[in-house]
Number of protein chains: 2
Amino acid sequence: MDNQQIKGAGLKVTRPREKILSILERSGHRHLSAEDVYKALLNNGDDIGLATVYRVLTQFEEAGLVCRRHFETGQSVFEINSGDHHDHLVCIRCSRVVEFADPLIEERQGAIAAGHGFRIENHSLVIYGVCAQCAAQ
Amino acid sequence: MDNQQIKGAGLKVTRPREKILSILERSGHRHLSAEDVYKALLNNGDDIGLATVYRVLTQFEEAGLVCRRHFETGQSVFEINSGDHHDHLVCIRCSRVVEFADPLIEERQGAIAAGHGFRIENHSLVIYGVCAQCAAQ
DNA sequence: TAACAAGATGCGAAAGCTTCTCACTCGTCC
DNA sequence: GGACGAGTGAGAAGCTTTCGCATCTTGTTA
């Protein structure tokens, strides 16, 4: 139940928070911008302000419910945090996003960070390219 | 000579372009934001508008003279393109940036992209962590 | 169930980075 | 040296994101 997740984050269960979480869940694994979420709410007939969307997404991020990604589009995108870390392949033509995980890369990153005296906290790996469909056109 | 690089990019050699290139070169391998470049120009006594700084940096990027990086700070940073690809370790406390290159990671990225039918164009790997100095405090 | 306090919301305003517009100026090439 | 096209500066505008504040809700206590 969504409510449990929201409560678990120490947040009150309110309509905006339920709706936003449900939109992110229903979106499958698409990566939605705050604007996308806002538009989805409007389409649903929910009258929720854009400022609230940003606030709630930030709270969800802090609570670990969602992940915020910074692709090079100038806006942040959000996705449900399914627990398993992964990185992204982004098509520069059609913006399609493919997720992947590679233990070998993760391991090397740890080694590199350690080698430079860094305690690793987080990382972001995005590969930009042209997907098969776009290349075929 | 800087002028050759600017001409080679099909751009006229103008004072703003010379000054900006020279600032980036003199900065060593620091990562400067457009604002940083602008301030450096002012300190030099050069009266060059911020809009011009952005324009020129974008042109230099298109010409391959500089690289633009998107760390998670909300602003882009620029560095001279020295030709050798590298990735970044960023300290989330003091913002220190360390560059590194890892052939193994590069190779895995190529394999992953190919496995998903992507023709790789570019990529961005940033590891965020706490550097030794900040951890010691 | 009613009332209350803390927390949430919505709206518009504002901030921060970046780009655009447009009149003016400057390189380049003849 | 002059003409033309490209480049510049200043401010306005655009975009994403955050803030401030009056109003409304949730969760709790009586």
# chains A, B, ... in the order shown; residues from 1 in each chain; ligands from 1
>>> residues_around(residues="range 9-23 of chain C", least_positions_apart="5", cutoff="10 Å", atoms="only C-alpha atoms (C1' of nucleotides)", output="PyMOL selection string")
(chain A and resi 14+16+47-52) or (chain B and resi 34-35+50-51+54-55+74-76) or (chain D and resi 11-25)
>>> write_last_selection(atoms="N, CA and C atoms (P, O5', C5', C4', C3', O3' and C1' of nucleotides)", output="compact mmCIF listing (two decimals), in the first residue's frame")
# COMPACT_ATOMS: atom_id res chain seq x y z
N THR A 14 -1.47 12.51 2.37
CA THR A 14 -2.37 13.51 1.79
C THR A 14 -2.65 13.15 0.35
N PRO A 16 -2.30 14.84 -2.49
CA PRO A 16 -1.22 15.05 -3.45
C PRO A 16 -0.15 13.98 -3.37
N ASP A 47 -6.26 18.72 -8.99
CA ASP A 47 -5.84 20.11 -8.99
C ASP A 47 -4.72 20.31 -7.97
N ILE A 48 -3.52 19.99 -8.41
CA ILE A 48 -2.37 20.03 -7.51
C ILE A 48 -1.33 20.97 -8.08
N GLY A 49 -0.81 21.86 -7.27
CA GLY A 49 0.11 22.88 -7.75
C GLY A 49 1.49 22.34 -8.09
N LEU A 50 2.14 23.02 -9.02
CA LEU A 50 3.47 22.59 -9.44
C LEU A 50 4.46 22.66 -8.27
N ALA A 51 4.30 23.66 -7.44
CA ALA A 51 5.21 23.79 -6.29
C ALA A 51 5.09 22.58 -5.39
N THR A 52 3.88 22.09 -5.24
CA THR A 52 3.67 20.90 -4.41
C THR A 52 4.33 19.69 -5.04
N ALA B 34 30.56 29.28 -16.24
CA ALA B 34 30.52 30.49 -17.08
C ALA B 34 30.72 31.72 -16.20
N GLU B 35 30.11 31.68 -15.03
CA GLU B 35 30.24 32.77 -14.07
C GLU B 35 31.70 32.96 -13.65
N LEU B 50 28.36 38.79 -20.00
CA LEU B 50 28.09 37.41 -19.63
C LEU B 50 27.48 36.64 -20.79
N ALA B 51 26.63 37.29 -21.54
CA ALA B 51 26.00 36.63 -22.69
C ALA B 51 27.07 36.18 -23.68
N TYR B 54 28.78 32.99 -22.44
CA TYR B 54 27.98 31.80 -22.73
C TYR B 54 28.05 31.44 -24.21
N ARG B 55 27.90 32.46 -25.05
CA ARG B 55 27.93 32.20 -26.50
C ARG B 55 29.23 31.57 -26.90
N GLY B 74 23.73 22.28 -10.53
CA GLY B 74 22.79 23.20 -11.16
C GLY B 74 23.43 24.09 -12.20
N GLN B 75 24.75 24.09 -12.26
CA GLN B 75 25.36 24.86 -13.35
C GLN B 75 26.40 24.03 -14.08
N SER B 76 26.63 24.38 -15.33
CA SER B 76 27.59 23.65 -16.13
C SER B 76 28.98 24.16 -15.84
P DG D 11 22.29 47.13 -18.62
O5' DG D 11 20.85 46.63 -19.07
C5' DG D 11 20.22 47.25 -20.19
C4' DG D 11 19.07 46.40 -20.64
C3' DG D 11 18.20 45.87 -19.49
O3' DG D 11 16.84 45.96 -19.88
C1' DG D 11 18.96 44.07 -20.79
P DA D 12 15.66 45.53 -18.85
O5' DA D 12 14.72 44.64 -19.78
C5' DA D 12 14.70 44.87 -21.19
C4' DA D 12 14.19 43.62 -21.88
C3' DA D 12 13.06 42.93 -21.13
O3' DA D 12 12.11 42.46 -22.07
C1' DA D 12 14.86 41.43 -21.37
P DA D 13 10.77 41.74 -21.56
O5' DA D 13 11.10 40.20 -21.80
C5' DA D 13 11.70 39.79 -23.02
C4' DA D 13 11.97 38.32 -22.97
C3' DA D 13 10.89 37.51 -22.24
O3' DA D 13 10.57 36.40 -23.06
C1' DA D 13 13.01 37.01 -21.35
P DG D 14 9.49 35.33 -22.63
O5' DG D 14 10.41 34.05 -22.33
C5' DG D 14 11.44 33.69 -23.25
C4' DG D 14 11.98 32.33 -22.87
C3' DG D 14 10.95 31.42 -22.21
O3' DG D 14 11.15 30.11 -22.71
C1' DG D 14 12.74 31.86 -20.70
P DC D 15 10.06 28.97 -22.35
O5' DC D 15 10.86 28.04 -21.33
C5' DC D 15 12.28 28.01 -21.40
C4' DC D 15 12.84 27.19 -20.28
C3' DC D 15 11.81 26.38 -19.49
O3' DC D 15 12.28 25.05 -19.32
C1' DC D 15 13.02 27.83 -18.04
P DT D 16 11.29 23.93 -18.69
O5' DT D 16 11.95 23.76 -17.25
C5' DT D 16 13.28 23.29 -17.18
C4' DT D 16 13.82 23.53 -15.80
C3' DT D 16 13.12 22.76 -14.68
O3' DT D 16 14.13 22.08 -13.94
C1' DT D 16 13.28 25.05 -14.13
P DT D 17 13.67 21.05 -12.80
O5' DT D 17 13.62 22.00 -11.52
C5' DT D 17 14.84 22.58 -11.07
C4' DT D 17 14.56 23.57 -9.97
C3' DT D 17 13.82 23.01 -8.75
O3' DT D 17 14.71 23.04 -7.65
C1' DT D 17 13.03 25.16 -9.37
P DT D 18 14.24 22.61 -6.20
O5' DT D 18 13.90 24.01 -5.51
C5' DT D 18 14.90 25.00 -5.47
C4' DT D 18 14.36 26.24 -4.81
C3' DT D 18 13.75 26.01 -3.42
O3' DT D 18 14.33 26.98 -2.56
C1' DT D 18 12.27 27.25 -4.78
P DC D 19 14.04 26.97 -0.99
O5' DC D 19 13.17 28.30 -0.79
C5' DC D 19 13.44 29.40 -1.64
C4' DC D 19 12.53 30.56 -1.28
C3' DC D 19 11.96 30.55 0.13
O3' DC D 19 11.96 31.89 0.59
C1' DC D 19 10.19 30.50 -1.44
P DG D 20 11.64 32.22 2.12
O5' DG D 20 10.19 32.89 2.02
C5' DG D 20 9.89 33.78 0.95
C4' DG D 20 8.53 34.43 1.22
C3' DG D 20 8.06 34.39 2.66
O3' DG D 20 7.23 35.52 2.88
C1' DG D 20 6.65 33.02 1.36
P DC D 21 6.74 35.89 4.38
O5' DC D 21 5.17 35.68 4.27
C5' DC D 21 4.47 36.05 3.07
C4' DC D 21 3.10 35.42 3.05
C3' DC D 21 2.49 35.19 4.44
O3' DC D 21 1.11 35.48 4.37
C1' DC D 21 2.47 33.19 3.26
P DA D 22 0.35 36.12 5.68
O5' DA D 22 -1.18 35.91 5.29
C5' DA D 22 -1.62 36.18 3.95
C4' DA D 22 -2.59 35.08 3.51
C3' DA D 22 -3.65 34.73 4.56
O3' DA D 22 -4.91 34.60 3.93
C1' DA D 22 -2.44 32.78 3.96
P DT D 23 -6.18 34.04 4.78
O5' DT D 23 -6.25 32.52 4.31
C5' DT D 23 -6.22 32.21 2.92
C4' DT D 23 -6.37 30.71 2.75
C3' DT D 23 -7.49 30.09 3.57
O3' DT D 23 -8.24 29.22 2.73
C1' DT D 23 -5.46 28.95 3.96
P DC D 24 -9.53 28.44 3.36
O5' DC D 24 -9.00 26.94 3.44
C5' DC D 24 -8.45 26.35 2.24
C4' DC D 24 -7.83 25.02 2.60
C3' DC D 24 -8.78 24.04 3.30
O3' DC D 24 -8.62 22.79 2.65
C1' DC D 24 -6.77 24.26 4.52
P DT D 25 -9.64 21.57 3.02
O5' DT D 25 -8.63 20.36 3.26
C5' DT D 25 -7.43 20.65 3.89
C4' DT D 25 -6.61 19.40 4.05
C3' DT D 25 -7.36 18.19 4.59
O3' DT D 25 -6.68 17.03 4.15
C1' DT D 25 -5.93 19.10 6.28
>>> residues_around(residues="range 104-109 of chain A", least_positions_apart="2", cutoff="10 Å", atoms="only C-alpha atoms (C1' of nucleotides)", output="ChimeraX atom specification")
/A:85-86,101-102,111-115,120,123,125 /B:89,102,104-109,125-127
>>> write_last_selection(atoms="N, CA, C and O atoms", output="PDB file, in the first residue's frame")
ATOM      1  N   HIS A  85      20.377  -0.719  -7.611  1.00  0.00           N
ATOM      2  CA  HIS A  85      21.068   0.358  -8.306  1.00  0.00           C
ATOM      3  C   HIS A  85      21.234   0.017  -9.785  1.00  0.00           C
ATOM      4  O   HIS A  85      21.471  -1.106 -10.144  1.00  0.00           O
ATOM      5  N   HIS A  86      21.117   1.032 -10.616  1.00  0.00           N
ATOM      6  CA  HIS A  86      21.369   0.822 -12.038  1.00  0.00           C
ATOM      7  C   HIS A  86      21.768   2.138 -12.686  1.00  0.00           C
ATOM      8  O   HIS A  86      21.559   3.201 -12.135  1.00  0.00           O
ATOM      9  N   ALA A 101      22.813  -2.565 -15.325  1.00  0.00           N
ATOM     10  CA  ALA A 101      23.648  -2.636 -14.130  1.00  0.00           C
ATOM     11  C   ALA A 101      24.850  -3.490 -14.484  1.00  0.00           C
ATOM     12  O   ALA A 101      24.724  -4.480 -15.203  1.00  0.00           O
ATOM     13  N   ASP A 102      26.010  -3.101 -14.045  1.00  0.00           N
ATOM     14  CA  ASP A 102      27.215  -3.857 -14.359  1.00  0.00           C
ATOM     15  C   ASP A 102      28.114  -3.940 -13.128  1.00  0.00           C
ATOM     16  O   ASP A 102      28.734  -2.949 -12.742  1.00  0.00           O
ATOM     17  N   ALA A 111      37.140   0.865  -6.464  1.00  0.00           N
ATOM     18  CA  ALA A 111      38.602   0.814  -6.401  1.00  0.00           C
ATOM     19  C   ALA A 111      39.202   2.176  -6.723  1.00  0.00           C
ATOM     20  O   ALA A 111      40.139   2.646  -6.069  1.00  0.00           O
ATOM     21  N   ILE A 112      38.650   2.840  -7.731  1.00  0.00           N
ATOM     22  CA  ILE A 112      39.178   4.145  -8.133  1.00  0.00           C
ATOM     23  C   ILE A 112      38.980   5.164  -7.027  1.00  0.00           C
ATOM     24  O   ILE A 112      39.890   5.916  -6.669  1.00  0.00           O
ATOM     25  N   ALA A 113      37.778   5.181  -6.470  1.00  0.00           N
ATOM     26  CA  ALA A 113      37.495   6.128  -5.397  1.00  0.00           C
ATOM     27  C   ALA A 113      38.453   5.888  -4.234  1.00  0.00           C
ATOM     28  O   ALA A 113      39.069   6.826  -3.715  1.00  0.00           O
ATOM     29  N   ALA A 114      38.594   4.638  -3.848  1.00  0.00           N
ATOM     30  CA  ALA A 114      39.492   4.303  -2.741  1.00  0.00           C
ATOM     31  C   ALA A 114      40.917   4.746  -3.059  1.00  0.00           C
ATOM     32  O   ALA A 114      41.614   5.303  -2.214  1.00  0.00           O
ATOM     33  N   GLY A 115      41.328   4.522  -4.288  1.00  0.00           N
ATOM     34  CA  GLY A 115      42.676   4.884  -4.693  1.00  0.00           C
ATOM     35  C   GLY A 115      42.941   6.377  -4.567  1.00  0.00           C
ATOM     36  O   GLY A 115      44.080   6.813  -4.404  1.00  0.00           O
ATOM     37  N   ILE A 120      33.126   6.728  -1.276  1.00  0.00           N
ATOM     38  CA  ILE A 120      32.115   6.895  -2.307  1.00  0.00           C
ATOM     39  C   ILE A 120      30.731   7.002  -1.686  1.00  0.00           C
ATOM     40  O   ILE A 120      30.422   6.344  -0.710  1.00  0.00           O
ATOM     41  N   HIS A 123      26.933   7.741  -7.306  1.00  0.00           N
ATOM     42  CA  HIS A 123      27.556   8.023  -8.585  1.00  0.00           C
ATOM     43  C   HIS A 123      26.520   8.080  -9.673  1.00  0.00           C
ATOM     44  O   HIS A 123      25.378   7.672  -9.481  1.00  0.00           O
ATOM     45  N   LEU A 125      26.288   7.393 -13.823  1.00  0.00           N
ATOM     46  CA  LEU A 125      26.883   7.003 -15.101  1.00  0.00           C
ATOM     47  C   LEU A 125      25.789   7.034 -16.145  1.00  0.00           C
ATOM     48  O   LEU A 125      24.788   6.333 -16.028  1.00  0.00           O
TER      49      LEU A 125
ATOM     50  N   LEU B  89      35.730  12.458 -10.199  1.00  0.00           N
ATOM     51  CA  LEU B  89      35.382  12.210  -8.805  1.00  0.00           C
ATOM     52  C   LEU B  89      35.109  13.590  -8.204  1.00  0.00           C
ATOM     53  O   LEU B  89      35.963  14.478  -8.317  1.00  0.00           O
ATOM     54  N   ASP B 102      39.747   5.149 -16.789  1.00  0.00           N
ATOM     55  CA  ASP B 102      39.846   3.719 -16.529  1.00  0.00           C
ATOM     56  C   ASP B 102      39.449   2.926 -17.770  1.00  0.00           C
ATOM     57  O   ASP B 102      38.289   2.874 -18.144  1.00  0.00           O
ATOM     58  N   LEU B 104      39.203  -0.162 -18.346  1.00  0.00           N
ATOM     59  CA  LEU B 104      38.306  -1.279 -18.129  1.00  0.00           C
ATOM     60  C   LEU B 104      36.855  -0.824 -18.143  1.00  0.00           C
ATOM     61  O   LEU B 104      35.977  -1.435 -18.759  1.00  0.00           O
ATOM     62  N   ILE B 105      36.606   0.315 -17.475  1.00  0.00           N
ATOM     63  CA  ILE B 105      35.239   0.843 -17.453  1.00  0.00           C
ATOM     64  C   ILE B 105      34.818   1.253 -18.859  1.00  0.00           C
ATOM     65  O   ILE B 105      33.710   0.956 -19.306  1.00  0.00           O
ATOM     66  N   GLU B 106      35.731   1.900 -19.575  1.00  0.00           N
ATOM     67  CA  GLU B 106      35.416   2.329 -20.941  1.00  0.00           C
ATOM     68  C   GLU B 106      35.006   1.132 -21.783  1.00  0.00           C
ATOM     69  O   GLU B 106      34.040   1.181 -22.542  1.00  0.00           O
ATOM     70  N   GLU B 107      35.785   0.062 -21.616  1.00  0.00           N
ATOM     71  CA  GLU B 107      35.541  -1.121 -22.419  1.00  0.00           C
ATOM     72  C   GLU B 107      34.181  -1.739 -22.091  1.00  0.00           C
ATOM     73  O   GLU B 107      33.416  -2.098 -22.982  1.00  0.00           O
ATOM     74  N   ARG B 108      33.867  -1.810 -20.818  1.00  0.00           N
ATOM     75  CA  ARG B 108      32.577  -2.376 -20.406  1.00  0.00           C
ATOM     76  C   ARG B 108      31.439  -1.531 -20.953  1.00  0.00           C
ATOM     77  O   ARG B 108      30.405  -2.053 -21.357  1.00  0.00           O
ATOM     78  N   GLN B 109      31.629  -0.218 -20.939  1.00  0.00           N
ATOM     79  CA  GLN B 109      30.582   0.663 -21.441  1.00  0.00           C
ATOM     80  C   GLN B 109      30.298   0.379 -22.912  1.00  0.00           C
ATOM     81  O   GLN B 109      29.147   0.306 -23.332  1.00  0.00           O
ATOM     82  N   LEU B 125      30.461   9.926 -16.498  1.00  0.00           N
ATOM     83  CA  LEU B 125      30.535   9.159 -15.257  1.00  0.00           C
ATOM     84  C   LEU B 125      31.060  10.089 -14.178  1.00  0.00           C
ATOM     85  O   LEU B 125      32.158  10.633 -14.306  1.00  0.00           O
ATOM     86  N   VAL B 126      30.277  10.298 -13.180  1.00  0.00           N
ATOM     87  CA  VAL B 126      30.701  11.137 -12.069  1.00  0.00           C
ATOM     88  C   VAL B 126      30.491  10.358 -10.784  1.00  0.00           C
ATOM     89  O   VAL B 126      29.400   9.846 -10.540  1.00  0.00           O
ATOM     90  N   ILE B 127      31.556  10.247 -10.011  1.00  0.00           N
ATOM     91  CA  ILE B 127      31.444   9.578  -8.714  1.00  0.00           C
ATOM     92  C   ILE B 127      31.432  10.675  -7.655  1.00  0.00           C
ATOM     93  O   ILE B 127      32.329  11.508  -7.614  1.00  0.00           O
TER      94      ILE B 127
END
>>> select_by_dssp(residues="range 29-114 of chain B", states="alpha helix (DSSP H)", output="ChimeraX atom specification")
/B:34-43,50-62,103-114
>>> atom_distance(atom1="CA of His31 in chain A", atom2="CA of Asp87 in chain A")
12.5 Å
>>> select_by_dssp(residues="chain B", states="strand (DSSP E or B)", output="PyMOL selection string")
chain B and resi 32-33+66-70+76-80+87-91+97-100+119-130
>>> interface_residues(of="chain D", to="chain B", cutoff="10 Å", atoms="only C-alpha atoms (C1' of nucleotides)", output="mmCIF file with C-alpha atoms (C1' of nucleotides), in the first residue's frame")
data_model
loop_
_atom_site.group_PDB
_atom_site.id
_atom_site.type_symbol
_atom_site.label_atom_id
_atom_site.label_comp_id
_atom_site.auth_asym_id
_atom_site.auth_seq_id
_atom_site.Cartn_x
_atom_site.Cartn_y
_atom_site.Cartn_z
ATOM 1 C "C1'" DA D 6 29.783 38.169 -38.163
ATOM 2 C "C1'" DG D 7 30.337 39.290 -33.261
ATOM 3 C "C1'" DT D 8 29.278 41.947 -29.095
ATOM 4 C "C1'" DG D 9 26.970 44.109 -24.977
ATOM 5 C "C1'" DA D 10 23.093 45.119 -22.241
#
>>> closest_residue(among="B:Thr73, B:Gly45, B:Phe78, B:Ala132", to="chain C", atoms="only C-alpha atoms (C1' of nucleotides)")
B:Thr73
>>> residues_around(residues="DA2 in chain C", least_positions_apart="6", cutoff="12 Å", atoms="only C-alpha atoms (C1' of nucleotides)", output="ChimeraX atom specification")
/D:28-30
>>> write_last_selection(atoms="C-alpha atoms (C1' of nucleotides)", output="PDB file, in the first residue's frame")
ATOM      1  C1'  DT D  28      -4.348  13.264  17.771  1.00  0.00           C
ATOM      2  C1'  DT D  29      -6.205  14.285  22.173  1.00  0.00           C
ATOM      3  C1'  DA D  30     -10.050  15.132  25.090  1.00  0.00           C
TER       4       DA D  30
END
>>> atom_distance(atom1="CA of Gly117 in chain B", atom2="CA of Arg68 in chain A")
25.7 Å
>>> residues_around(residues="range 92-96 of chain A", least_positions_apart="6", cutoff="8 Å", atoms="only C-alpha atoms (C1' of nucleotides)", output="list in words")
Tyr128, Gly129, Val130, Cys131 and Cys134 of chain A
>>> atom_distance(atom1="CA of Asp2 in chain B", atom2="CA of Glu79 in chain B")
15.1 Å
>>> closest_residue(among="A:Leu42, A:Val56, A:Val77, A:Ile6", to="chain C", atoms="only C-alpha atoms (C1' of nucleotides)")
A:Val56
>>> residues_around(residues="Ile23 in chain B", least_positions_apart="3", cutoff="9 Å", atoms="only C-alpha atoms (C1' of nucleotides)", output="ChimeraX atom specification")
/B:18-20,26-27,37,40-41
>>> closest_residue(among="B:Arg15, B:Asn81, B:Glu99, B:His88", to="chain C", atoms="only C-alpha atoms (C1' of nucleotides)")
B:Arg15
>>> residues_around(residues="DC29 in chain C", least_positions_apart="6", cutoff="12 Å", atoms="only C-alpha atoms (C1' of nucleotides)", output="VMD selection string")
chain D and resid 1 to 5
